[in-house]
$ cat data-v4.cif   # mmCIF, C-alpha atoms and all ligand atoms
data_structure
loop_
_atom_site.label_atom_id
_atom_site.label_comp_id
_atom_site.auth_asym_id
_atom_site.auth_seq_id
_atom_site.Cartn_x
_atom_site.Cartn_y
_atom_site.Cartn_z
CA MET A 283 -182.14 81.58 -161.42
CA SER A 284 -180.01 78.46 -161.96
CA GLU A 285 -179.40 76.08 -159.06
CA PRO A 286 -175.95 76.09 -157.42
CA ASP A 287 -173.64 73.27 -158.50
CA PRO A 288 -173.79 70.72 -155.66
CA ASN A 289 -170.21 69.68 -156.44
CA ALA A 290 -168.78 73.22 -156.19
CA ALA A 291 -166.03 73.86 -153.61
CA PRO A 292 -167.37 74.90 -150.20
CA GLY A 293 -167.32 78.54 -149.10
CA PRO A 294 -166.87 79.88 -145.55
CA THR A 295 -169.59 78.99 -142.98
CA PRO A 296 -171.89 82.04 -142.73
CA HIS A 297 -172.18 83.65 -139.30
CA ARG A 298 -175.57 83.00 -137.66
CA ARG A 299 -177.05 85.72 -135.49
CA ARG A 300 -178.51 84.45 -132.21
CA PRO A 301 -182.30 84.55 -132.74
CA ARG A 302 -184.73 85.97 -130.17
CA TYR A 303 -186.88 83.40 -128.41
CA LYS A 304 -189.22 83.21 -125.43
CA GLY A 305 -188.02 81.59 -122.16
CA THR A 306 -184.57 80.27 -121.29
CA HIS A 307 -184.15 77.69 -124.10
CA PRO A 308 -184.92 77.82 -127.81
CA ARG A 309 -187.85 75.53 -128.63
CA ARG A 310 -188.63 76.08 -132.27
CA PHE A 311 -186.46 74.57 -135.01
CA GLU A 312 -185.26 77.91 -136.39
CA GLU A 313 -184.39 79.19 -132.89
CA LYS A 314 -181.94 76.34 -132.17
CA TYR A 315 -179.01 78.35 -133.47
CA LYS A 316 -176.34 76.28 -131.71
CA GLU A 317 -177.53 72.98 -133.20
CA LEU A 318 -177.90 74.64 -136.60
CA ALA A 319 -174.25 75.77 -136.39
CA ALA A 320 -172.93 72.40 -135.19
CA GLU A 321 -169.28 73.12 -136.07
CA GLN A 322 -169.19 76.13 -133.77
CA TYR A 323 -171.06 74.46 -130.91
CA PRO A 324 -170.02 70.76 -130.82
CA GLU A 325 -170.72 70.54 -127.05
CA ALA A 326 -174.36 71.61 -127.49
CA VAL A 327 -174.80 68.99 -130.22
CA ARG A 328 -173.26 66.26 -128.02
CA HIS A 329 -175.74 67.19 -125.27
CA VAL A 330 -178.74 66.79 -127.57
CA LEU A 331 -177.47 63.43 -128.86
CA ALA A 332 -176.85 62.18 -125.31
CA ARG A 333 -180.52 62.86 -124.54
CA GLY A 334 -181.52 60.52 -127.40
CA GLN A 335 -182.64 63.42 -129.59
CA THR A 336 -181.69 64.56 -133.06
CA PRO A 337 -180.00 67.98 -133.22
CA ALA A 338 -181.84 70.51 -135.41
CA GLY A 339 -180.51 70.43 -138.98
CA GLN A 340 -178.96 66.96 -138.60
CA HIS A 341 -179.92 63.35 -139.19
CA VAL A 342 -178.59 60.48 -137.08
CA PRO A 343 -177.84 57.58 -139.48
CA ILE A 344 -179.57 54.29 -138.67
CA LEU A 345 -178.19 50.71 -138.58
CA VAL A 346 -174.83 51.95 -139.87
CA GLU A 347 -172.73 48.92 -138.87
CA GLU A 348 -175.40 46.55 -140.21
CA VAL A 349 -175.49 48.45 -143.53
CA LEU A 350 -171.67 48.25 -143.78
CA SER A 351 -171.80 44.48 -143.04
CA ALA A 352 -174.36 44.00 -145.80
CA LEU A 353 -172.52 46.13 -148.39
CA VAL A 354 -168.90 45.16 -147.51
CA PRO A 355 -167.51 48.30 -149.22
CA LYS A 356 -163.82 47.95 -150.16
CA PRO A 357 -161.12 50.48 -151.13
CA GLY A 358 -161.34 51.45 -154.78
CA GLU A 359 -164.95 50.37 -155.25
CA ARG A 360 -167.73 52.30 -156.97
CA GLY A 361 -170.82 52.76 -154.85
CA VAL A 362 -174.19 54.51 -154.95
CA ASP A 363 -175.99 56.18 -152.07
CA ALA A 364 -179.43 56.80 -153.59
CA THR A 365 -180.62 58.88 -150.60
CA LEU A 366 -177.74 61.10 -149.44
CA GLY A 367 -179.64 63.16 -146.80
CA PHE A 368 -177.22 64.44 -144.14
CA GLY A 369 -174.59 62.05 -145.47
CA GLY A 370 -174.09 59.95 -142.32
CA HIS A 371 -174.08 56.66 -144.23
CA ALA A 372 -172.26 58.23 -147.18
CA GLN A 373 -169.43 59.38 -144.91
CA ARG A 374 -168.91 55.85 -143.56
CA LEU A 375 -169.10 54.36 -147.06
CA LEU A 376 -166.58 56.89 -148.38
CA GLU A 377 -164.19 56.14 -145.51
CA ARG A 378 -164.17 52.53 -146.74
CA ILE A 379 -164.03 52.99 -150.51
CA ALA A 380 -162.03 56.22 -150.71
CA PRO A 381 -159.73 56.31 -147.68
CA SER A 382 -158.05 59.69 -147.24
CA ASP A 383 -154.37 60.34 -148.07
CA GLU A 384 -153.44 59.99 -144.37
CA HIS A 385 -155.12 56.61 -144.23
CA ARG A 386 -153.41 55.54 -147.41
CA ALA A 387 -150.01 56.78 -146.22
CA ALA A 388 -150.43 54.77 -142.99
CA ASP A 389 -151.43 51.80 -145.08
CA ASP A 390 -148.27 52.25 -147.25
CA GLU A 391 -146.09 51.80 -144.15
CA HIS A 392 -147.77 48.50 -143.43
CA ARG A 393 -147.63 47.14 -146.96
CA ALA A 394 -145.45 44.05 -146.89
CA ALA A 395 -143.91 44.31 -150.35
CA ASP A 396 -143.36 47.20 -152.72
CA ASP A 397 -145.10 45.37 -155.53
CA GLU A 398 -148.32 45.22 -153.52
CA PRO A 399 -150.56 47.89 -155.12
CA ARG A 400 -151.51 50.97 -153.09
CA ALA A 401 -155.26 51.11 -152.36
CA THR A 402 -156.91 53.30 -154.96
CA ARG A 403 -159.65 55.75 -154.06
CA GLY A 404 -163.08 54.60 -155.11
CA ALA A 405 -166.04 56.90 -155.71
CA LEU A 406 -169.60 57.35 -154.53
CA LEU A 407 -172.48 58.51 -156.70
CA ALA A 408 -174.85 60.21 -154.26
CA LEU A 409 -178.41 61.16 -155.19
CA ASP A 410 -181.01 63.28 -153.40
CA GLN A 411 -183.95 65.17 -154.78
CA ASP A 412 -183.83 67.82 -152.04
CA PRO A 413 -182.30 71.02 -153.48
CA LEU A 414 -182.13 72.69 -150.05
CA GLN A 415 -180.18 70.03 -148.17
CA LEU A 416 -177.93 68.63 -150.90
CA PRO A 417 -175.43 71.56 -151.11
CA ARG A 418 -175.08 71.60 -147.29
CA THR A 419 -174.23 67.90 -147.20
CA VAL A 420 -171.78 68.21 -150.10
CA GLU A 421 -170.04 71.02 -148.22
CA ARG A 422 -169.97 69.02 -144.98
CA LEU A 423 -168.45 65.98 -146.69
CA ALA A 424 -165.93 68.10 -148.62
CA LYS A 425 -164.65 69.49 -145.30
CA LEU A 426 -164.10 65.88 -144.19
CA GLY A 427 -161.89 65.24 -147.23
CA PHE A 428 -164.51 63.82 -149.59
CA GLY A 429 -164.58 66.36 -152.43
CA ALA A 430 -165.82 66.18 -156.00
CA ASP A 431 -163.00 63.75 -156.95
CA VAL A 432 -164.63 60.97 -154.92
CA LEU A 433 -168.20 62.19 -154.30
CA HIS A 434 -170.41 62.69 -157.36
CA ALA A 435 -173.49 64.40 -155.92
CA ARG A 436 -176.57 64.81 -158.12
CA ARG A 437 -179.85 66.51 -157.28
CA THR A 438 -182.23 64.04 -158.79
CA ASN A 439 -184.87 61.43 -158.03
CA PHE A 440 -183.39 57.95 -157.60
CA ALA A 441 -185.86 56.75 -160.22
CA ALA A 442 -183.19 58.13 -162.62
CA LEU A 443 -180.46 55.82 -161.24
CA GLY A 444 -179.74 54.11 -164.59
CA ALA A 445 -179.35 57.43 -166.43
CA GLU A 446 -177.05 58.80 -163.71
CA LEU A 447 -174.82 55.72 -163.85
CA ALA A 448 -174.60 56.04 -167.64
CA ALA A 449 -173.80 59.77 -167.38
CA LEU A 450 -170.80 58.88 -165.18
CA GLY A 451 -169.69 56.21 -167.63
CA TRP A 452 -170.37 53.45 -165.08
CA ASN A 453 -172.05 51.40 -167.77
CA ASP A 454 -171.46 48.03 -166.12
CA GLY A 455 -172.98 49.34 -162.87
CA ALA A 456 -171.72 49.82 -159.32
CA ASP A 457 -170.27 47.48 -156.68
CA PHE A 458 -173.01 48.42 -154.26
CA VAL A 459 -176.21 50.45 -154.00
CA PHE A 460 -177.68 51.76 -150.76
CA ALA A 461 -181.07 53.41 -150.14
CA ASP A 462 -182.42 54.76 -146.85
CA LEU A 463 -186.02 55.52 -147.75
CA GLY A 464 -188.37 58.32 -146.73
CA VAL A 465 -187.57 61.73 -145.32
CA SER A 466 -184.64 62.94 -143.22
CA SER A 467 -184.80 64.51 -139.77
CA MET A 468 -183.79 67.86 -141.33
CA GLN A 469 -186.92 67.67 -143.48
CA ILE A 470 -189.33 66.42 -140.77
CA ASP A 471 -188.10 68.74 -138.02
CA ASP A 472 -188.23 71.97 -140.03
CA PRO A 473 -191.84 73.28 -139.84
CA ALA A 474 -191.23 75.36 -142.98
CA ARG A 475 -191.05 72.10 -145.01
CA GLY A 476 -194.61 71.17 -143.92
CA PHE A 477 -193.99 67.51 -142.94
CA THR A 478 -194.79 67.79 -139.22
CA PHE A 479 -198.09 68.36 -137.45
CA LYS A 480 -196.29 69.14 -134.19
CA HIS A 481 -195.57 72.73 -135.28
CA ASP A 482 -197.52 74.91 -137.66
CA GLY A 483 -196.21 75.42 -141.16
CA PRO A 484 -197.34 75.51 -144.77
CA LEU A 485 -198.89 72.20 -145.86
CA ASP A 486 -196.14 71.43 -148.39
CA MET A 487 -194.35 68.06 -147.83
CA ARG A 488 -192.37 68.11 -151.09
CA MET A 489 -188.84 66.72 -150.81
CA ASN A 490 -188.16 68.93 -153.82
CA PRO A 491 -190.24 72.07 -153.15
CA LYS A 492 -189.44 73.31 -156.68
CA LYS A 493 -191.35 70.50 -158.35
CA GLY A 494 -194.90 69.14 -158.41
CA LEU A 495 -197.90 69.89 -156.21
CA SER A 496 -197.67 70.80 -152.54
CA ALA A 497 -199.74 68.69 -150.13
CA ALA A 498 -202.30 71.52 -149.89
CA GLN A 499 -202.64 71.62 -153.70
CA TRP A 500 -202.82 67.82 -153.91
CA LEU A 501 -205.61 67.75 -151.29
CA ALA A 502 -207.54 70.51 -153.03
CA ARG A 503 -207.49 68.54 -156.32
CA ALA A 504 -208.12 65.03 -155.00
CA ALA A 505 -211.65 63.61 -154.98
CA VAL A 506 -213.00 62.01 -151.77
CA GLU A 507 -212.51 58.50 -153.22
CA GLU A 508 -208.91 59.20 -154.27
CA LEU A 509 -208.03 60.55 -150.83
CA ALA A 510 -209.73 57.63 -149.05
CA GLN A 511 -207.88 55.16 -151.31
CA ALA A 512 -204.54 56.84 -150.57
CA LEU A 513 -205.17 56.72 -146.81
CA THR A 514 -206.01 53.00 -147.06
CA ASP A 515 -203.27 51.96 -149.48
CA ASP A 516 -200.42 54.07 -148.14
CA SER A 517 -200.94 53.86 -144.39
CA ASP A 518 -203.73 51.34 -143.63
CA GLU A 519 -205.90 54.08 -142.07
CA PRO A 520 -209.03 52.38 -140.65
CA HIS A 521 -211.16 55.58 -140.78
CA ALA A 522 -210.06 56.49 -144.32
CA LEU A 523 -213.47 57.26 -145.84
CA ARG A 524 -214.74 59.26 -142.86
CA ILE A 525 -211.56 61.38 -142.75
CA ALA A 526 -211.59 61.88 -146.53
CA ARG A 527 -215.22 63.05 -146.48
CA PHE A 528 -214.55 65.38 -143.56
CA VAL A 529 -211.43 66.89 -145.13
CA LYS A 530 -213.13 67.46 -148.48
CA ALA A 531 -216.22 68.99 -146.80
CA GLN A 532 -214.14 71.88 -145.40
CA ARG A 533 -215.32 75.14 -146.87
CA ASN A 534 -211.83 76.63 -146.86
CA GLU A 535 -208.82 74.90 -148.36
CA LEU A 536 -206.50 73.36 -145.78
CA THR A 537 -203.22 75.18 -146.21
CA THR A 538 -201.36 74.59 -142.93
CA THR A 539 -200.16 71.47 -141.12
CA VAL A 540 -201.98 72.31 -137.89
CA ALA A 541 -205.25 72.97 -139.76
CA LEU A 542 -205.09 69.50 -141.36
CA ALA A 543 -204.25 67.81 -138.05
CA GLU A 544 -207.17 69.61 -136.34
CA CYS A 545 -209.51 68.61 -139.15
CA VAL A 546 -208.59 64.91 -138.72
CA ARG A 547 -209.07 65.19 -134.93
CA GLU A 548 -212.53 66.74 -135.46
CA ALA A 549 -213.47 64.00 -137.93
CA LEU A 550 -212.73 61.32 -135.32
CA ALA A 551 -213.84 63.11 -132.14
CA GLY A 552 -215.90 60.73 -130.00
CA ARG A 553 -215.10 57.73 -132.25
CA ALA A 554 -211.71 56.79 -130.85
CA ASP A 555 -209.55 57.60 -127.84
CA ASP A 556 -206.94 60.37 -127.96
CA ASP A 557 -204.01 58.04 -128.69
CA ALA A 558 -205.85 56.35 -131.55
CA ILE A 559 -206.80 59.74 -132.99
CA GLU A 560 -203.16 60.91 -132.88
CA SER A 561 -202.15 57.69 -134.67
CA SER A 562 -204.68 58.52 -137.39
CA VAL A 563 -203.24 62.04 -137.71
CA ARG A 564 -199.77 60.51 -138.14
CA ARG A 565 -201.05 58.06 -140.76
CA VAL A 566 -202.82 60.83 -142.70
CA PHE A 567 -199.57 62.83 -142.83
CA GLN A 568 -197.63 59.72 -143.92
CA ALA A 569 -200.09 58.91 -146.72
CA LEU A 570 -200.15 62.47 -148.00
CA ARG A 571 -196.34 62.63 -148.02
CA ILE A 572 -196.18 59.35 -149.98
CA GLU A 573 -198.66 60.67 -152.59
CA VAL A 574 -197.11 64.14 -152.94
CA ASN A 575 -193.66 62.65 -153.57
CA ASP A 576 -194.88 59.58 -155.51
CA GLU A 577 -192.72 57.54 -153.14
CA PHE A 578 -193.97 54.12 -154.22
CA GLY A 579 -193.59 54.98 -157.92
CA ALA A 580 -189.97 56.01 -157.32
CA LEU A 581 -189.22 52.95 -155.17
CA GLU A 582 -190.63 50.57 -157.77
CA ALA A 583 -188.56 52.26 -160.49
CA LEU A 584 -185.42 51.90 -158.34
CA LEU A 585 -186.10 48.22 -157.60
CA ARG A 586 -186.64 47.50 -161.33
CA GLN A 587 -183.30 49.11 -162.23
CA LEU A 588 -181.23 47.46 -159.49
CA PRO A 589 -180.23 44.32 -161.40
CA SER A 590 -178.66 46.36 -164.23
CA ALA A 591 -177.24 48.92 -161.78
CA LEU A 592 -175.13 46.27 -160.02
CA ARG A 593 -171.96 44.63 -161.27
CA ALA A 594 -171.69 40.86 -160.94
CA GLY A 595 -171.44 40.09 -157.20
CA GLY A 596 -172.64 43.64 -156.37
CA ARG A 597 -174.55 44.25 -153.14
CA VAL A 598 -177.68 46.26 -152.38
CA ALA A 599 -179.07 47.27 -149.00
CA VAL A 600 -182.37 49.09 -148.42
CA LEU A 601 -183.67 50.61 -145.18
CA THR A 602 -187.47 50.88 -144.99
CA PHE A 603 -189.73 52.53 -142.42
CA HIS A 604 -193.25 51.20 -143.02
CA SER A 605 -194.99 48.15 -144.40
CA GLY A 606 -195.73 49.61 -147.88
CA GLU A 607 -191.98 50.10 -148.47
CA ASP A 608 -190.84 46.84 -146.89
CA ARG A 609 -193.37 44.76 -148.83
CA ARG A 610 -192.15 46.15 -152.16
CA VAL A 611 -188.47 45.57 -151.34
CA LYS A 612 -189.13 42.03 -150.03
CA GLN A 613 -191.14 41.06 -153.11
CA ALA A 614 -188.56 42.49 -155.54
CA PHE A 615 -185.69 40.65 -153.82
CA GLU A 616 -187.65 37.37 -153.65
CA ARG A 617 -188.58 37.64 -157.36
CA GLY A 618 -184.93 38.37 -158.21
CA ALA A 619 -183.73 35.37 -156.18
CA LYS A 620 -186.26 33.09 -157.90
CA ASP A 621 -185.22 34.33 -161.36
CA GLY A 622 -181.52 33.90 -160.55
CA VAL A 623 -180.80 37.66 -160.68
CA TYR A 624 -179.75 37.64 -157.03
CA ALA A 625 -177.43 34.92 -155.70
CA ALA A 626 -178.47 35.59 -152.09
CA ILE A 627 -181.00 37.72 -150.24
CA SER A 628 -181.61 38.44 -146.54
CA ASP A 629 -183.98 35.82 -145.16
CA ALA A 630 -185.15 38.06 -142.29
CA VAL A 631 -185.15 41.80 -141.74
CA VAL A 632 -182.39 43.34 -139.63
CA ARG A 633 -183.71 45.67 -136.89
CA ALA A 634 -182.09 48.25 -134.60
CA SER A 635 -180.68 46.87 -131.35
CA PRO A 636 -182.24 47.97 -128.04
CA ALA A 637 -179.18 50.19 -127.48
CA GLU A 638 -179.63 51.95 -130.83
CA HIS A 639 -183.35 52.24 -130.16
CA ARG A 640 -182.62 54.00 -126.86
CA ALA A 641 -179.96 56.28 -128.36
CA ASN A 642 -182.10 57.15 -131.40
CA PRO A 643 -185.83 56.38 -131.08
CA ARG A 644 -186.25 57.19 -134.79
CA SER A 645 -184.53 53.87 -135.52
CA ALA A 646 -187.49 51.92 -134.04
CA PRO A 647 -189.47 51.27 -137.25
CA ALA A 648 -186.40 50.70 -139.48
CA LYS A 649 -186.02 47.40 -141.35
CA LEU A 650 -182.93 46.50 -143.38
CA ARG A 651 -182.99 44.04 -146.29
CA TRP A 652 -180.06 43.17 -148.56
CA ALA A 653 -179.39 41.19 -151.74
CA ARG A 654 -176.30 40.09 -153.69
CA ARG A 655 -176.24 40.17 -157.50
CA ALA A 656 -175.51 36.83 -159.15
C1 LIG A 701 -183.82 58.95 -144.53
S1 LIG A 701 -183.03 60.22 -145.40
C2 LIG A 701 -181.42 59.59 -145.70
C3 LIG A 701 -180.48 59.85 -144.58
C4 LIG A 701 -179.05 59.47 -144.87
N1 LIG A 701 -178.87 58.06 -145.04
C5 LIG A 701 -178.09 60.02 -143.82
O1 LIG A 701 -177.29 59.26 -143.29
O2 LIG A 701 -178.16 61.22 -143.55
C6 LIG A 701 -183.74 60.09 -146.99
C7 LIG A 701 -183.22 61.11 -147.98
O3 LIG A 701 -183.54 60.62 -149.27
C8 LIG A 701 -184.12 61.60 -150.06
N2 LIG A 701 -185.06 60.91 -150.94
C9 LIG A 701 -186.18 60.23 -150.60
N3 LIG A 701 -186.77 59.72 -151.70
C10 LIG A 701 -186.00 60.07 -152.76
C11 LIG A 701 -186.07 59.83 -154.15
N4 LIG A 701 -187.07 59.15 -154.70
N5 LIG A 701 -185.09 60.31 -154.93
C12 LIG A 701 -184.06 61.01 -154.40
N6 LIG A 701 -183.95 61.30 -153.10
C13 LIG A 701 -184.89 60.82 -152.27
C14 LIG A 701 -184.76 62.57 -149.10
O4 LIG A 701 -184.81 63.86 -149.68
C15 LIG A 701 -183.85 62.49 -147.88
O5 LIG A 701 -182.86 63.46 -147.94
#
$ encode --input "data-v4.cif" --output "structure tokens"
Amino acid sequence: MSEPDPNAAPGPTPHRRRPRYKGTHPRRFEEKYKELAAEQYPEAVRHVLARGQTPAGQHVPILVEEVLSALVPKPGERGVDATLGFGGHAQRLLERIAPSDEHRAADDEHRAADDEPRATRGALLALDQDPLQLPRTVERLAKLGFGADVLHARRTNFAALGAELAALGWNDGADFVFADLGVSSMQIDDPARGFTFKHDGPLDMRMNPKKGLSAAQWLARAAVEELAQALTDDSDEPHALRIARFVKAQRNELTTTVALAECVREALAGRADDDAIESSVRRVFQALRIEVNDEFGALEALLRQLPSALRAGGRVAVLTFHSGEDRRVKQAFERGAKDGVYAAISDAVVRASPAEHRANPRSAPAKLRWARRA
């Protein structure tokens, strides 16, 4: 079966039947029918956000104002959002580069002279490798007035950035490129995607579940040394070898998220306190996710292509969530600055304010770096 065209016009929102659940409130992701139908229940969504939580099926964008300050998107510009996700950043970028007709009409009234040109609508090339989320985001943005004329959505890995720019005819590159690395809340919170150890689900972890090995398959094929190396390199796990030996000694394959988490807890029982053991579980899941999706390979490919993907004076901003990502971005920007590819780079990382941290605890690890093409 062929995949639906992510740029196709949106259809009507399907009616969701209220699911059965135990107790007075839905607890599981798939039971949260009001949050999953946000347009019909805006009040329920506001409630969840006010509690500092992320509504099921949504992603709260991080460091938005800081990203806009770094990218300075202007009407008529061409931009790239390499990690579309729920489209929170994309929406704000599109509002700047492709203001709606109403905005432009209001602007016309304020234009001093008739010979002053009307702001043209720019365009955003938006990439995401997730075939499940991409059509939903395209539909959401189309309803906000950002249809296929201004939003070019492609289901692809951002390692293919250069090819996607060429396919659009943007051969001299874009005015800005943005990347918000890692997984979205829609992916983490849905147990069926296999990223979380807080609820049971298949041990999958693929951002594109139609491609490559699931986490369970990757684990079954990896040797002890390969697994231990991944745990060390990708998440600095101090008990890497012990965990790797324990996981590989299991007689049955680990096929669920809870089974893997339990296995790590057993491996470390009596060797660390409960909090330290939970941190190890989190690091094991992070490392596995990085391997399954070849996240560092894709990031390095993106960083290599950036100089040719940006027009002269073009801006890039990257949001990272752990040291392996931040180190790669920092080194690439510093190398570019030394070679004269970048005219300016951020000298320190930008972090979420205490207020943002309180409103959205998922912003806590985020680090923003930017660079400007010479
Ligand atoms: C942190 S979320 C982005 C959230 C987004 N900025 C928003 O406002 O909703 C990261 C997204 O990037 C996608 N992604 C991660 N690595 C990717 C890659 N190498 N190629 C394409 N998409 C990727 C994920 O599937 C996920 O949807």
$ residues_near_ligand --input "data-v4.cif" --ligand "ligand LIG 701 (chain A)" --cutoff "9 Å" --atoms "all atoms listed in the file" --output "VMD selection string"
chain A and resid 340 to 344 346 363 to 373 409 to 413 415 to 416 419 437 to 442 460 to 469 488 to 490 575 to 581 584 601 to 603
$ closest_residue --input "data-v4.cif" --among "A:Pro473, A:Gly427, A:Glu544, A:Leu447" --to "Gly339 (chain A)" --atoms "only C-alpha atoms"
A:Pro473
$ closest_residue --input "data-v4.cif" --among "A:Ser382, A:Val574, A:Asp555, A:Pro337" --to "Lys493 (chain A)" --atoms "only C-alpha atoms"
A:Val574
$ atom_distance --input "data-v4.cif" --atom1 "CA of Ser628 (chain A)" --atom2 "CA of Thr336 (chain A)"
29.4 Å
$ axis_aligned_box --input "data-v4.cif" --around "region 535-541 of chain A" --padding-each-side "6 Å" --output "lines of an AutoDock Vina configuration file"
center_x = -204.5
center_y = 73.3
center_z = -143.1
size_x = 20.7
size_y = 15.7
size_z = 22.5
$ closest_residue --input "data-v4.cif" --among "A:Gly305, A:Gly358, A:Gly606, A:Gly483" --to "Leu513 (chain A)" --atoms "all atoms listed in the file"
A:Gly606
$ closest_residue --input "data-v4.cif" --among "A:Asp486, A:Ala541, A:Glu582, A:His521" --to "Gln499 (chain A)" --atoms "only C-alpha atoms"
A:Asp486
$ closest_residue --input "data-v4.cif" --among "A:Val566, A:Ala456, A:Ala591, A:Gly444" --to "Phe477 (chain A)" --atoms "all atoms listed in the file"
A:Val566
$ closest_residue --input "data-v4.cif" --among "A:Glu638, A:Glu377, A:Glu359, A:Glu508" --to "Leu426 (chain A)" --atoms "all atoms listed in the file"
A:Glu377
$ atom_distance --input "data-v4.cif" --atom1 "CA of Ala449 (chain A)" --atom2 "CA of Ala583 (chain A)"
17.9 Å
$ residues_near_point --input "data-v4.cif" --point "(-202.0, 54.2, -145.5)" --cutoff "10 Å" --atoms "all atoms listed in the file" --output "list in words"
Ala510, Gln511, Ala512, Leu513, Thr514, Asp515, Asp516, Ser517, Asp518, Glu519, Pro520, Ala522, Ser562, Arg564, Arg565, Val566, Phe567, Gln568, Ala569, Leu570, Ile572, His604, Ser605 and Gly606 of chain A
$ residues_around --input "data-v4.cif" --residues "Gly622 (chain A)" --least-positions-apart "3" --cutoff "12 Å" --atoms "all atoms listed in the file" --output "PyMOL selection string"
chain A and resi 589+615-619+625-627+653-656
$ atom_distance --input "data-v4.cif" --atom1 "CA of Val349 (chain A)" --atom2 "CA of Arg378 (chain A)"
12.5 Å
$ residues_around --input "data-v4.cif" --residues "region 453-455 of chain A" --least-positions-apart "3" --cutoff "12 Å" --atoms "only C-alpha atoms" --output "MDAnalysis selection string"
chainID A and resid 359:362 407 443:450 458:459 587:598 655
$ residues_around --input "data-v4.cif" --residues "Ala637 (chain A)" --least-positions-apart "6" --cutoff "12 Å" --atoms "all atoms listed in the file" --output "mmCIF file with C-alpha atoms, in the coordinates of the input"
data_model
loop_
_atom_site.group_PDB
_atom_site.id
_atom_site.type_symbol
_atom_site.label_atom_id
_atom_site.label_comp_id
_atom_site.auth_asym_id
_atom_site.auth_seq_id
_atom_site.Cartn_x
_atom_site.Cartn_y
_atom_site.Cartn_z
ATOM 1 C CA GLY A 334 -181.520 60.520 -127.400
ATOM 2 C CA ILE A 344 -179.570 54.290 -138.670
ATOM 3 C CA LEU A 345 -178.190 50.710 -138.580
ATOM 4 C CA PRO A 643 -185.830 56.380 -131.080
ATOM 5 C CA SER A 645 -184.530 53.870 -135.520
ATOM 6 C CA ALA A 646 -187.490 51.920 -134.040
#
$ residues_around --input "data-v4.cif" --residues "Ile379 (chain A)" --least-positions-apart "3" --cutoff "8 Å" --atoms "all atoms listed in the file" --output "list in words"
Pro355, Lys356, Pro357, Gly358, Glu359, Arg360, Leu375, Leu376, Arg403, Gly404 and Ala405 of chain A
